[in-house]
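J.: Just one file: upload.pdb, with PDB, C-alpha atoms and all ligand atoms.
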```
MODEL        1
ATOM      1  CA  MET A   1     -67.722 -38.248 -14.585
ATOM      2  CA  MET A   2     -64.508 -38.282 -16.572
ATOM      3  CA  TRP A   3     -61.311 -39.327 -14.860
ATOM      4  CA  LYS A   4     -57.997 -37.970 -16.090
ATOM      5  CA  PRO A   5     -54.685 -39.195 -14.840
ATOM      6  CA  ALA A   6     -52.749 -36.373 -13.277
ATOM      7  CA  ALA A   7     -49.627 -37.461 -15.122
ATOM      8  CA  LEU A   8     -47.850 -34.222 -14.514
ATOM      9  CA  LEU A   9     -48.329 -34.601 -10.849
ATOM     10  CA  GLY A  10     -47.503 -38.263 -10.717
ATOM     11  CA  TRP A  11     -49.974 -38.436  -7.949
ATOM     12  CA  THR A  12     -53.325 -40.103  -7.627
ATOM     13  CA  ALA A  13     -55.752 -38.945 -10.318
ATOM     14  CA  PHE A  14     -58.662 -36.694  -9.482
ATOM     15  CA  PRO A  15     -61.846 -35.944 -11.372
ATOM     16  CA  VAL A  16     -61.392 -33.119 -13.948
ATOM     17  CA  GLY A  17     -63.090 -29.933 -12.867
ATOM     18  CA  SER A  18     -63.271 -31.007  -9.273
ATOM     19  CA  SER A  19     -62.357 -28.526  -6.554
ATOM     20  CA  VAL A  20     -59.444 -30.790  -5.638
ATOM     21  CA  GLN A  21     -58.010 -30.329  -9.141
ATOM     22  CA  GLY A  22     -58.350 -26.559  -8.830
ATOM     23  CA  ILE A  23     -56.469 -26.578  -5.575
ATOM     24  CA  LEU A  24     -53.746 -28.699  -7.144
ATOM     25  CA  GLN A  25     -53.422 -26.350 -10.136
ATOM     26  CA  LEU A  26     -53.177 -23.404  -7.759
ATOM     27  CA  THR A  27     -50.517 -25.265  -5.759
ATOM     28  CA  LEU A  28     -48.571 -25.996  -8.957
ATOM     29  CA  MET A  29     -48.636 -22.348  -9.921
ATOM     30  CA  CYS A  30     -47.381 -21.388  -6.489
ATOM     31  CA  ILE A  31     -44.558 -23.926  -6.703
ATOM     32  CA  GLN A  32     -43.560 -22.629 -10.136
ATOM     33  CA  MET A  33     -43.587 -19.045  -8.834
ATOM     34  CA  ILE A  34     -41.475 -20.004  -5.840
ATOM     35  CA  ALA A  35     -39.056 -21.858  -8.115
ATOM     36  CA  THR A  36     -38.769 -18.791 -10.341
ATOM     37  CA  ILE A  37     -38.123 -16.552  -7.322
ATOM     38  CA  VAL A  38     -35.471 -18.975  -6.046
ATOM     39  CA  LYS A  39     -33.783 -18.984  -9.488
ATOM     40  CA  ILE A  40     -33.731 -15.178  -9.596
ATOM     41  CA  SER A  41     -32.438 -15.090  -6.043
ATOM     42  CA  LYS A  42     -29.662 -17.553  -6.885
ATOM     43  CA  LEU A  43     -28.731 -15.555  -9.969
ATOM     44  CA  THR A  44     -28.654 -12.372  -7.919
ATOM     45  CA  SER A  45     -26.464 -14.045  -5.276
ATOM     46  CA  ALA A  46     -24.162 -15.327  -7.963
ATOM     47  CA  LEU A  47     -23.909 -11.854  -9.454
ATOM     48  CA  CYS A  48     -23.239 -10.404  -6.012
ATOM     49  CA  LEU A  49     -20.522 -13.001  -5.405
ATOM     50  CA  LEU A  50     -18.991 -12.238  -8.774
ATOM     51  CA  GLY A  51     -19.195  -8.574  -7.925
ATOM     52  CA  SER A  52     -17.458  -9.064  -4.601
ATOM     53  CA  LEU A  53     -14.780 -11.182  -6.231
ATOM     54  CA  SER A  54     -14.169  -8.682  -8.967
ATOM     55  CA  ALA A  55     -14.079  -5.736  -6.566
ATOM     56  CA  PRO A  56     -10.463  -6.313  -5.439
ATOM     57  CA  TRP A  57      -9.408  -6.713  -9.057
ATOM     58  CA  VAL A  58     -10.929  -3.372  -9.890
ATOM     59  CA  LEU A  59      -9.370  -1.892  -6.734
ATOM     60  CA  ALA A  60      -6.016  -3.440  -7.522
ATOM     61  CA  ALA A  61      -6.087  -2.179 -11.074
ATOM     62  CA  GLY A  62      -7.099   1.281  -9.921
ATOM     63  CA  HIS A  63      -4.537   1.474  -7.153
ATOM     64  CA  GLY A  64      -1.620  -0.223  -8.802
ATOM     65  CA  GLY A  65      -1.775  -3.745  -7.326
ATOM     66  CA  THR A  66       0.994  -5.319  -5.313
ATOM     67  CA  PHE A  67       4.436  -3.862  -4.749
ATOM     68  CA  PRO A  68       6.436  -4.187  -7.993
ATOM     69  CA  ASP A  69       9.731  -6.098  -7.895
ATOM     70  CA  VAL A  70      11.498  -2.923  -9.001
ATOM     71  CA  ILE A  71      10.009   0.534  -8.963
ATOM     72  CA  ASP A  72      11.505   3.872  -9.965
ATOM     73  CA  VAL A  73      11.072   6.394  -7.182
ATOM     74  CA  GLY A  74      13.328   9.292  -8.189
ATOM     75  CA  THR A  75      16.829  10.603  -7.644
ATOM     76  CA  ARG A  76      18.802   9.239  -4.666
ATOM     77  CA  PRO A  77      16.285   7.357  -2.515
ATOM     78  CA  GLU A  78      17.747   6.296   0.836
ATOM     79  CA  SER A  79      15.266   4.731   3.223
ATOM     80  CA  ILE A  80      11.749   3.286   3.222
ATOM     81  CA  THR A  81       9.117   2.377   5.782
ATOM     82  CA  LYS A  82       5.490   1.367   5.989
ATOM     83  CA  GLY A  83       3.269   4.198   7.178
ATOM     84  CA  PHE A  84      -0.099   5.874   6.790
ATOM     85  CA  GLY A  85      -2.806   3.698   5.242
ATOM     86  CA  GLY A  86      -0.432   0.746   4.896
ATOM     87  CA  ASP A  87       1.391   2.586   2.126
ATOM     88  CA  TYR A  88       5.157   2.850   1.883
ATOM     89  CA  PHE A  89       7.106   6.078   2.293
ATOM     90  CA  VAL A  90      10.565   6.607   0.906
ATOM     91  CA  THR A  91      13.043   9.422   1.464
ATOM     92  CA  VAL A  92      14.334  10.869  -1.794
ATOM     93  CA  MET A  93      17.274  13.244  -1.501
ATOM     94  CA  ASN A  94      17.216  14.525  -5.100
ATOM     95  CA  GLY A  95      20.088  16.930  -5.861
ATOM     96  CA  ARG A  96      22.348  18.853  -3.520
ATOM     97  CA  GLU A  97      20.201  21.968  -3.498
ATOM     98  CA  GLU A  98      18.923  23.073  -0.134
ATOM     99  CA  GLY A  99      15.285  22.107   0.320
ATOM    100  CA  ASP A 100      15.041  19.873  -2.758
ATOM    101  CA  GLY A 101      14.577  16.618  -0.829
ATOM    102  CA  VAL A 102      11.151  14.984  -0.567
ATOM    103  CA  VAL A 103       9.339  12.057   0.978
ATOM    104  CA  LYS A 104       7.382  10.046  -1.567
ATOM    105  CA  ARG A 105       4.396   7.784  -1.038
ATOM    106  CA  ILE A 106       4.193   4.404  -2.777
ATOM    107  CA  HIS A 107       0.642   3.158  -3.144
ATOM    108  CA  GLY A 108       0.644  -0.067  -5.126
ATOM    109  CA  SER A 109       2.755   0.939  -8.100
ATOM    110  CA  GLU A 110       1.830   4.616  -7.882
ATOM    111  CA  VAL A 111       4.516   6.982  -6.624
ATOM    112  CA  SER A 112       3.640  10.511  -5.538
ATOM    113  CA  VAL A 113       5.264  13.305  -3.548
ATOM    114  CA  PHE A 114       3.945  13.257   0.027
ATOM    115  CA  ALA A 115       6.055  15.863   1.847
ATOM    116  CA  THR A 116       8.549  18.486   0.699
ATOM    117  CA  GLY A 117      11.189  20.907   1.985
ATOM    118  CA  PHE A 118      13.923  18.471   3.086
ATOM    119  CA  ASP A 119      17.626  18.847   2.390
ATOM    120  CA  GLU A 120      19.049  15.301   2.387
ATOM    121  CA  PRO A 121      16.411  13.111   4.091
ATOM    122  CA  LYS A 122      17.819   9.706   5.027
ATOM    123  CA  GLY A 123      16.455   7.360   7.691
ATOM    124  CA  ILE A 124      12.688   7.128   8.040
ATOM    125  CA  CYS A 125      10.410   5.281  10.430
ATOM    126  CA  PHE A 126       6.741   5.372  11.438
ATOM    127  CA  ILE A 127       5.772   5.775  15.076
ATOM    128  CA  GLY A 128       3.042   7.365  17.160
ATOM    129  CA  GLY A 129       1.099   8.439  14.077
ATOM    130  CA  TYR A 130       4.073  10.257  12.547
ATOM    131  CA  LEU A 131       6.761   9.600  10.015
ATOM    132  CA  ILE A 132      10.124  10.573  11.478
ATOM    133  CA  THR A 133      13.061  11.296   9.221
ATOM    134  CA  THR A 134      16.606  12.460   9.734
ATOM    135  CA  ASP A 135      17.811  15.354   7.620
ATOM    136  CA  LEU A 136      21.570  15.948   7.961
ATOM    137  CA  ASN A 137      21.680  17.847  11.257
ATOM    138  CA  LYS A 138      18.051  17.742  12.329
ATOM    139  CA  VAL A 139      15.181  15.316  12.772
ATOM    140  CA  ARG A 140      11.803  16.040  11.236
ATOM    141  CA  LYS A 141       8.289  14.862  12.005
ATOM    142  CA  ILE A 142       5.614  14.443   9.325
ATOM    143  CA  ASP A 143       1.900  14.142  10.034
ATOM    144  CA  SER A 144      -0.738  12.251   8.038
ATOM    145  CA  ARG A 145      -1.367  15.266   5.814
ATOM    146  CA  GLY A 146       2.272  15.709   4.893
ATOM    147  CA  ASN A 147       2.890  18.686   7.186
ATOM    148  CA  VAL A 148       6.527  18.791   8.301
ATOM    149  CA  SER A 149       7.855  20.110  11.606
ATOM    150  CA  ILE A 150      11.165  19.828  13.466
ATOM    151  CA  LEU A 151      11.391  17.207  16.200
ATOM    152  CA  ALA A 152      15.033  17.880  17.060
ATOM    153  CA  ASP A 153      17.361  20.582  15.820
ATOM    154  CA  GLU A 154      21.143  20.507  15.863
ATOM    155  CA  ASP A 155      21.401  22.612  19.022
ATOM    156  CA  ASP A 156      19.035  20.298  20.902
ATOM    157  CA  PHE A 157      21.557  17.445  20.981
ATOM    158  CA  PRO A 158      23.596  16.970  24.166
ATOM    159  CA  VAL A 159      26.835  16.688  22.142
ATOM    160  CA  ALA A 160      27.956  17.971  18.750
ATOM    161  CA  ILE A 161      26.591  16.021  15.785
ATOM    162  CA  SER A 162      27.845  15.906  12.234
ATOM    163  CA  TYR A 163      25.813  13.702   9.882
ATOM    164  CA  LEU A 164      22.568  12.030  10.964
ATOM    165  CA  ASN A 165      21.698   8.884   9.083
ATOM    166  CA  ASP A 166      19.263   6.038   9.859
ATOM    167  CA  ALA A 167      16.186   5.997  12.071
ATOM    168  CA  ALA A 168      14.404   3.130  13.844
ATOM    169  CA  ALA A 169      11.155   3.130  15.786
ATOM    170  CA  GLY A 170      11.562   2.376  19.474
ATOM    171  CA  PRO A 171       9.659  -0.594  20.903
ATOM    172  CA  ASP A 172       7.971   1.710  23.447
ATOM    173  CA  GLY A 173       6.142   3.478  20.623
ATOM    174  CA  LYS A 174       7.256   6.840  21.983
ATOM    175  CA  SER A 175      10.778   7.313  20.718
ATOM    176  CA  VAL A 176      13.105   6.791  17.781
ATOM    177  CA  TYR A 177      16.729   5.760  17.548
ATOM    178  CA  ILE A 178      18.937   7.595  15.103
ATOM    179  CA  THR A 179      22.593   7.397  14.160
ATOM    180  CA  ASP A 180      25.120  10.159  13.819
ATOM    181  CA  MET A 181      27.888   8.897  11.546
ATOM    182  CA  GLY A 182      30.496  11.116  13.131
ATOM    183  CA  ALA A 183      33.669  11.588  11.080
ATOM    184  CA  ASN A 184      32.175  10.319   7.832
ATOM    185  CA  THR A 185      34.162  12.814   5.772
ATOM    186  CA  LYS A 186      37.425  11.227   6.943
ATOM    187  CA  MET A 187      36.620   7.584   6.125
ATOM    188  CA  ASN A 188      37.901   7.612   2.587
ATOM    189  CA  GLY A 189      41.274   7.781   0.915
ATOM    190  CA  PRO A 190      41.918   8.186  -2.807
ATOM    191  CA  TYR A 191      40.780   4.603  -3.528
ATOM    192  CA  GLY A 192      37.854   4.170  -1.220
ATOM    193  CA  MET A 193      37.684   3.550   2.508
ATOM    194  CA  TRP A 194      40.981   3.376   4.351
ATOM    195  CA  ALA A 195      42.108  -0.187   5.028
ATOM    196  CA  ILE A 196      41.329  -1.542   8.466
ATOM    197  CA  GLY A 197      44.488  -1.310  10.554
ATOM    198  CA  SER A 198      46.011   1.471   8.466
ATOM    199  CA  ASP A 199      47.345   4.577  10.157
ATOM    200  CA  GLU A 200      44.528   6.593   8.619
ATOM    201  CA  ALA A 201      41.928   4.156   9.916
ATOM    202  CA  ASP A 202      43.439   4.252  13.371
ATOM    203  CA  ALA A 203      43.397   8.045  13.250
ATOM    204  CA  LEU A 204      39.704   8.205  12.386
ATOM    205  CA  PRO A 205      37.962  10.198  15.146
ATOM    206  CA  VAL A 206      35.582   7.996  17.119
ATOM    207  CA  ILE A 207      32.656  10.360  17.515
ATOM    208  CA  GLY A 208      29.693   8.472  15.993
ATOM    209  CA  ARG A 209      26.762   7.705  18.281
ATOM    210  CA  VAL A 210      23.229   6.418  18.497
ATOM    211  CA  PHE A 211      20.680   8.749  20.036
ATOM    212  CA  GLU A 212      17.224   8.101  21.376
ATOM    213  CA  ILE A 213      14.782  10.926  20.711
ATOM    214  CA  GLY A 214      11.376  10.974  22.370
ATOM    215  CA  LEU A 215       8.355  12.185  20.440
ATOM    216  CA  ASP A 216       8.318  14.948  23.069
ATOM    217  CA  GLY A 217      11.715  16.107  21.764
ATOM    218  CA  SER A 218      13.842  14.788  24.634
ATOM    219  CA  ILE A 219      17.227  13.411  23.550
ATOM    220  CA  ARG A 220      19.636  11.004  25.211
ATOM    221  CA  ILE A 221      22.687   9.051  24.070
ATOM    222  CA  ALA A 222      21.639   5.421  23.560
ATOM    223  CA  ILE A 223      25.034   4.090  22.423
ATOM    224  CA  ASP A 224      28.063   6.278  23.025
ATOM    225  CA  SER A 225      31.084   6.519  20.743
ATOM    226  CA  ASN A 226      32.959   3.236  20.427
ATOM    227  CA  PRO A 227      35.940   2.034  18.342
ATOM    228  CA  LEU A 228      33.762  -0.809  17.044
ATOM    229  CA  MET A 229      31.682   1.788  15.234
ATOM    230  CA  PRO A 230      33.584   4.956  14.349
ATOM    231  CA  CYS A 231      30.973   5.697  11.676
ATOM    232  CA  PRO A 232      27.660   4.020  12.532
ATOM    233  CA  ASN A 233      25.127   4.125   9.712
ATOM    234  CA  GLY A 234      22.258   1.676  10.253
ATOM    235  CA  VAL A 235      20.281   1.251  13.449
ATOM    236  CA  GLY A 236      17.615  -1.337  14.187
ATOM    237  CA  VAL A 237      15.741  -2.849  17.096
ATOM    238  CA  GLY A 238      16.215  -6.610  17.457
ATOM    239  CA  LYS A 239      13.659  -9.253  18.393
ATOM    240  CA  ASP A 240      14.299  -8.795  22.117
ATOM    241  CA  GLY A 241      14.312  -5.017  21.942
ATOM    242  CA  GLN A 242      18.105  -4.802  21.790
ATOM    243  CA  LEU A 243      19.725  -2.180  19.600
ATOM    244  CA  LEU A 244      21.537  -3.216  16.420
ATOM    245  CA  VAL A 245      24.080  -1.096  14.580
ATOM    246  CA  GLY A 246      25.499  -1.316  11.073
ATOM    247  CA  ALA A 247      29.007   0.092  11.390
ATOM    248  CA  PHE A 248      29.805   1.531   7.971
ATOM    249  CA  PHE A 249      33.572   1.903   8.250
ATOM    250  CA  THR A 250      34.457  -1.273  10.153
ATOM    251  CA  GLY A 251      31.795  -3.471   8.513
ATOM    252  CA  ASN A 252      30.587  -4.766  11.869
ATOM    253  CA  LEU A 253      27.056  -5.853  12.683
ATOM    254  CA  LEU A 254      26.848  -4.855  16.330
ATOM    255  CA  GLU A 255      24.390  -5.683  19.054
ATOM    256  CA  GLN A 256      23.948  -3.887  22.345
ATOM    257  CA  THR A 257      24.000  -6.168  25.385
ATOM    258  CA  ASP A 258      24.096  -5.592  29.141
ATOM    259  CA  GLU A 259      27.879  -5.923  28.909
ATOM    260  CA  GLY A 260      28.157  -3.440  26.060
ATOM    261  CA  LEU A 261      28.467  -3.721  22.299
ATOM    262  CA  ARG A 262      29.324  -7.086  20.786
ATOM    263  CA  ILE A 263      30.200  -8.037  17.216
ATOM    264  CA  VAL A 264      27.552 -10.393  15.814
ATOM    265  CA  HIS A 265      29.165 -10.612  12.367
ATOM    266  CA  ASP A 266      31.896  -8.719  10.571
ATOM    267  CA  SER A 267      33.504  -8.153   7.165
ATOM    268  CA  MET A 268      30.556  -6.235   5.763
ATOM    269  CA  ARG A 269      32.238  -2.907   5.100
ATOM    270  CA  GLY A 270      29.886  -0.186   4.004
ATOM    271  CA  ALA A 271      27.198  -1.664   6.304
ATOM    272  CA  ASP A 272      24.002   0.311   6.158
ATOM    273  CA  ALA A 273      20.634  -1.133   7.243
ATOM    274  CA  VAL A 274      20.400  -3.739  10.009
ATOM    275  CA  GLU A 275      17.316  -5.637  11.143
ATOM    276  CA  GLN A 276      16.411  -8.887  12.888
ATOM    277  CA  ASP A 277      13.350 -11.110  12.454
ATOM    278  CA  SER A 278      11.454 -12.972  15.182
ATOM    279  CA  GLU A 279      13.454 -16.167  14.497
ATOM    280  CA  GLY A 280      16.692 -14.359  15.204
ATOM    281  CA  TYR A 281      18.057 -13.994  11.686
ATOM    282  CA  TYR A 282      19.789 -10.717  10.997
ATOM    283  CA  TYR A 283      19.679  -8.773   7.730
ATOM    284  CA  VAL A 284      22.398  -6.350   6.692
ATOM    285  CA  SER A 285      22.934  -4.260   3.571
ATOM    286  CA  SER A 286      26.190  -2.772   2.391
ATOM    287  CA  TRP A 287      25.799   0.515   0.611
ATOM    288  CA  ARG A 288      29.348   0.318  -0.659
ATOM    289  CA  GLN A 289      29.237  -3.313  -1.821
ATOM    290  CA  GLY A 290      25.703  -3.210  -3.257
ATOM    291  CA  ARG A 291      24.847  -6.379  -1.380
ATOM    292  CA  VAL A 292      22.403  -7.736   1.197
ATOM    293  CA  TRP A 293      23.119 -10.612   3.609
ATOM    294  CA  ARG A 294      21.054 -12.831   5.862
ATOM    295  CA  VAL A 295      23.056 -13.703   8.968
ATOM    296  CA  ALA A 296      22.336 -16.777  11.107
ATOM    297  CA  PRO A 297      21.014 -16.147  14.636
ATOM    298  CA  ASP A 298      24.337 -17.253  16.175
ATOM    299  CA  GLY A 299      26.226 -14.915  13.837
ATOM    300  CA  ARG A 300      28.554 -17.700  12.669
ATOM    301  CA  TYR A 301      27.611 -17.680   9.017
ATOM    302  CA  SER A 302      25.894 -15.471   6.495
ATOM    303  CA  ARG A 303      24.665 -15.804   2.964
ATOM    304  CA  VAL A 304      24.201 -13.198   0.296
ATOM    305  CA  LEU A 305      20.524 -12.700  -0.444
ATOM    306  CA  GLN A 306      21.225 -10.532  -3.447
ATOM    307  CA  ASP A 307      24.009  -8.406  -4.844
ATOM    308  CA  GLY A 308      24.723  -6.359  -7.930
ATOM    309  CA  PHE A 309      23.076  -3.205  -6.648
ATOM    310  CA  LYS A 310      24.715   0.123  -7.308
ATOM    311  CA  SER A 311      24.244   1.064  -3.655
ATOM    312  CA  ALA A 312      22.209  -1.054  -1.233
ATOM    313  CA  ALA A 313      20.779   1.503   1.182
ATOM    314  CA  ASP A 314      18.376   1.380   4.136
ATOM    315  CA  PHE A 315      15.845  -1.422   3.577
ATOM    316  CA  TYR A 316      12.531  -2.197   5.268
ATOM    317  CA  LEU A 317      12.104  -5.738   6.609
ATOM    318  CA  GLU A 318       8.795  -7.552   6.111
ATOM    319  CA  ALA A 319       9.612 -10.910   7.660
ATOM    320  CA  ASP A 320       6.019 -12.203   7.422
ATOM    321  CA  LYS A 321       6.228 -11.758   3.662
ATOM    322  CA  ARG A 322       9.832 -13.025   3.607
ATOM    323  CA  ARG A 323      11.008  -9.931   1.795
ATOM    324  CA  LEU A 324      12.972  -6.742   2.103
ATOM    325  CA  LEU A 325      12.210  -3.500   0.312
ATOM    326  CA  LEU A 326      15.569  -2.028  -0.612
ATOM    327  CA  PRO A 327      16.260   1.430  -2.011
ATOM    328  CA  ASP A 328      19.155   1.409  -4.454
ATOM    329  CA  MET A 329      20.217   4.997  -3.995
ATOM    330  CA  LEU A 330      22.314   5.436  -7.111
ATOM    331  CA  ALA A 331      19.856   3.523  -9.319
ATOM    332  CA  GLY A 332      16.855   5.539  -8.087
ATOM    333  CA  THR A 333      14.810   2.419  -7.396
ATOM    334  CA  VAL A 334      13.206   0.388  -4.626
ATOM    335  CA  ASN A 335      13.726  -3.362  -5.047
ATOM    336  CA  VAL A 336      11.993  -6.368  -3.534
ATOM    337  CA  ILE A 337      14.425  -8.989  -2.191
ATOM    338  CA  ARG A 338      12.942 -12.386  -1.244
ATOM    339  CA  TRP A 339      14.337 -15.433   0.474
TER     340      TRP A 339
HETATM  341 CA    CA B   1      18.859  17.035  -1.552
HETATM  342 CA    CA B   2      21.609   4.681   5.860
ENDMDL
END
```
For the structure just supplied, provide its representation as structure tokens.
Ligand SMILES: [Ca+2]
Ligand SMILES: [Ca+2]

T.:
Amino acid sequence: MMWKPAALLGWTAFPVGSSVQGILQLTLMCIQMIATIVKISKLTSALCLLGSLSAPWVLAAGHGGTFPDVIDVGTRPESITKGFGGDYFVTVMNGREEGDGVVKRIHGSEVSVFATGFDEPKGICFIGGYLITTDLNKVRKIDSRGNVSILADEDDFPVAISYLNDAAAGPDGKSVYITDMGANTKMNGPYGMWAIGSDEADALPVIGRVFEIGLDGSIRIAIDSNPLMPCPNGVGVGKDGQLLVGAFFTGNLLEQTDEGLRIVHDSMRGADAVEQDSEGYYYVSSWRQGRVWRVAPDGRYSRVLQDGFKSAADFYLEADKRRLLLPDMLAGTVNVIRW
């Protein structure tokens, strides 16, 4: 009987041709097959992993990726919010023709018309499955398919209105706050807004208000006319649910308290959007000054986040991303501002 070392096995040698050798050869074949299957499986897994990793890249490329730092959205954009599908929706007033205003959808870097038939759409917010936008003397509601209906018409208001501006979603999820600027046509002299303390400023009718409108169409006055805000523009809901107002003419950032309105910060004439983050910092834009501030929680100091805009309009705050999305109305763009 011939003995052959089973070098390949490294095990104890067995007689060639023995049944033990046959079993070992069979076992070797099985091991090799299993190894091959494992290799294929690993390769497949790797390919799957690569596929899953590359999927977002393909998606991002196909859908435009992240929000660009500056994006052209059309003629005279005013306000922006996050809405259906996590996309952003911006009011675009276009020209002065009746019915030429639109709401556009921003999906990644793609901009498309979402809803039509507005006159001068300004404030916009997303609540209860609807986009709500002001439109001069009425408030409109837009569903997920872009169908537009009237939530509140001019005659529905408890007092006369003149020029509706910003909109903010109520914390109850059932109502919106909107501003009526009041005597906005009387704010300006030949060289811009009348100086504070001038006879013309003192003569400015104090008829601006903040209204709360339920999604059922009910309307009430949330903040009545007040000399601190003859022409309120921006409205926001603070971290504790308190109302904030950007007073365009006086330049006051106002906050509603149990005792009434109080000035948080001043000297921001042309104030438009106002918001507050969960840490208490306030954010204010000035349409007239083309500037955006971050105001300390105690209101004692502020710093300019960015300026040089043609007209800093009604921004959308994304505090978790430490950014604002700001429409520059006269530039026709939406801009990302970071801090
Ligand atoms: Ca228009
Ligand atoms: Ca505004």

J.: Give me the chain A side of the contact with ligand CA 1 (chain B), cut-off 6 Å, one line per residue showing its nearest atom pair and distance in Å at one decimal, counting all atoms listed in the file, sorted by chain and residue number, as JSON lines.

T.:
```
{"residue": "A:Met93", "atom": "CA", "partner": "B:CA1", "partner_atom": "CA", "distance": 4.1}
{"residue": "A:Asn94", "atom": "CA", "partner": "B:CA1", "partner_atom": "CA", "distance": 4.6}
{"residue": "A:Gly95", "atom": "CA", "partner": "B:CA1", "partner_atom": "CA", "distance": 4.5}
{"residue": "A:Arg96", "atom": "CA", "partner": "B:CA1", "partner_atom": "CA", "distance": 4.4}
{"residue": "A:Glu97", "atom": "CA", "partner": "B:CA1", "partner_atom": "CA", "distance": 5.5}
{"residue": "A:Asp100", "atom": "CA", "partner": "B:CA1", "partner_atom": "CA", "distance": 4.9}
{"residue": "A:Gly101", "atom": "CA", "partner": "B:CA1", "partner_atom": "CA", "distance": 4.4}
{"residue": "A:Asp119", "atom": "CA", "partner": "B:CA1", "partner_atom": "CA", "distance": 4.5}
{"residue": "A:Glu120", "atom": "CA", "partner": "B:CA1", "partner_atom": "CA", "distance": 4.3}
```

J.: Can you tell me which residues surround Leu228 (chain A) at a distance of at most 12 Å, considering only C-alpha atoms, apart from same-chain residues fewer than 3 positions away, and format the answer as JSON, numbers by chain?

T.: {"A": [196, 201, 202, 204, 205, 206, 207, 208, 209, 223, 224, 225, 231, 232, 245, 246, 247, 248, 249, 250, 251, 252, 253, 254, 255, 256, 260, 261, 262, 263, 264, 265, 266]}

J.: Using the chain letters and numbers from the file, which residues does the PyMOL selection byres (((not hetatm)) within 7 of (chain B and resi 2)) grab, as an MDAnalysis selection string?

T.: chainID A and resid 78:79 122:123 165:166 233:234 272:273 313:314

J.: In Å to one decimal, how far is CA of Ser286 (chain A) from CA of Phe211 (chain A)?

T.: 21.8 Å

J.: Just to confirm, what's the straight-line distance from CA of Asp156 (chain A) to CA of Pro171 (chain A) in Å (one decimal)?

T.: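 That distance, rounded to one decimal, is 22.9 Å.
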
J.: Do you have the CA of Val284 (chain A)-CA of Asn226 (chain A) distance handy?

T.: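 Taking CA of Val284 (chain A) as the start and CA of Asn226 (chain A) as the end point, the length is 19.8 Å.
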
J.: Hey, what comes out of the PyMOL selection byres (((chain A and resi 136) around 6) and not hetatm) on this file? Could you write it as a list in words?

T.: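 Answer for the PyMOL selection byres (((chain A and resi 136) around 6) and not hetatm): Asp135, Asn137, Lys138, Tyr163 and Leu164 of chain A.
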
J.: Using all atoms listed in the file, pick whichever of A:Glu212, A:Trp287, A:Ile150, A:Ala312 has the shortest atom-to-atom distance to Lys174 (chain A).

T.: A:Glu212

J.: Carefully work through the PyMOL selection byres (((chain A and resi 126) around 9) and not hetatm) for this structure and note down the residues it includes, as a ChimeraX atom specification.

T.: /A:81-84,124-125,127-133,168-169

J.: Pick out the closest residue to Thr333 (chain A) from this set: A:Gly189, A:Gly74, A:Gly85, A:Pro297. Count all atoms listed in the file.

T.: A:Gly74

J.: Please determine the residues with any atom at most 6 Å from (26.1, -2.3, -5.0) (coordinates as given in the file, with only C-alpha atoms counting) and report them as a list in words.

T.: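 Residues with an atom at most 6 Å from (26.1, -2.3, -5.0): Gln289, Gly290, Arg291, Gly308, Phe309, Lys310, Ser311 and Ala312 of chain A.
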
J.: Looking at only C-alpha atoms, which of A:Val111, A:Asp199, A:Pro158, A:Met229 is the one that sits closest to Ala183 (chain A)?

T.: A:Met229

J.: Using only C-alpha atoms, which of the listed residues (A:Glu154, A:Gly173, A:Thr66, A:Met329) sits closest to Ile80 (chain A)?

T.: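 Closest residue, counting only C-alpha atoms: A:Met329.
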
J.: For Lys321 (chain A), work out the shell of residues within 12 Å, counting all atoms listed in the file and skipping chain neighbours fewer than 4 positions away, then give it as JSON, numbers by chain.

T.: {"A": [67, 277, 316, 317, 325, 336, 337, 338, 339]}
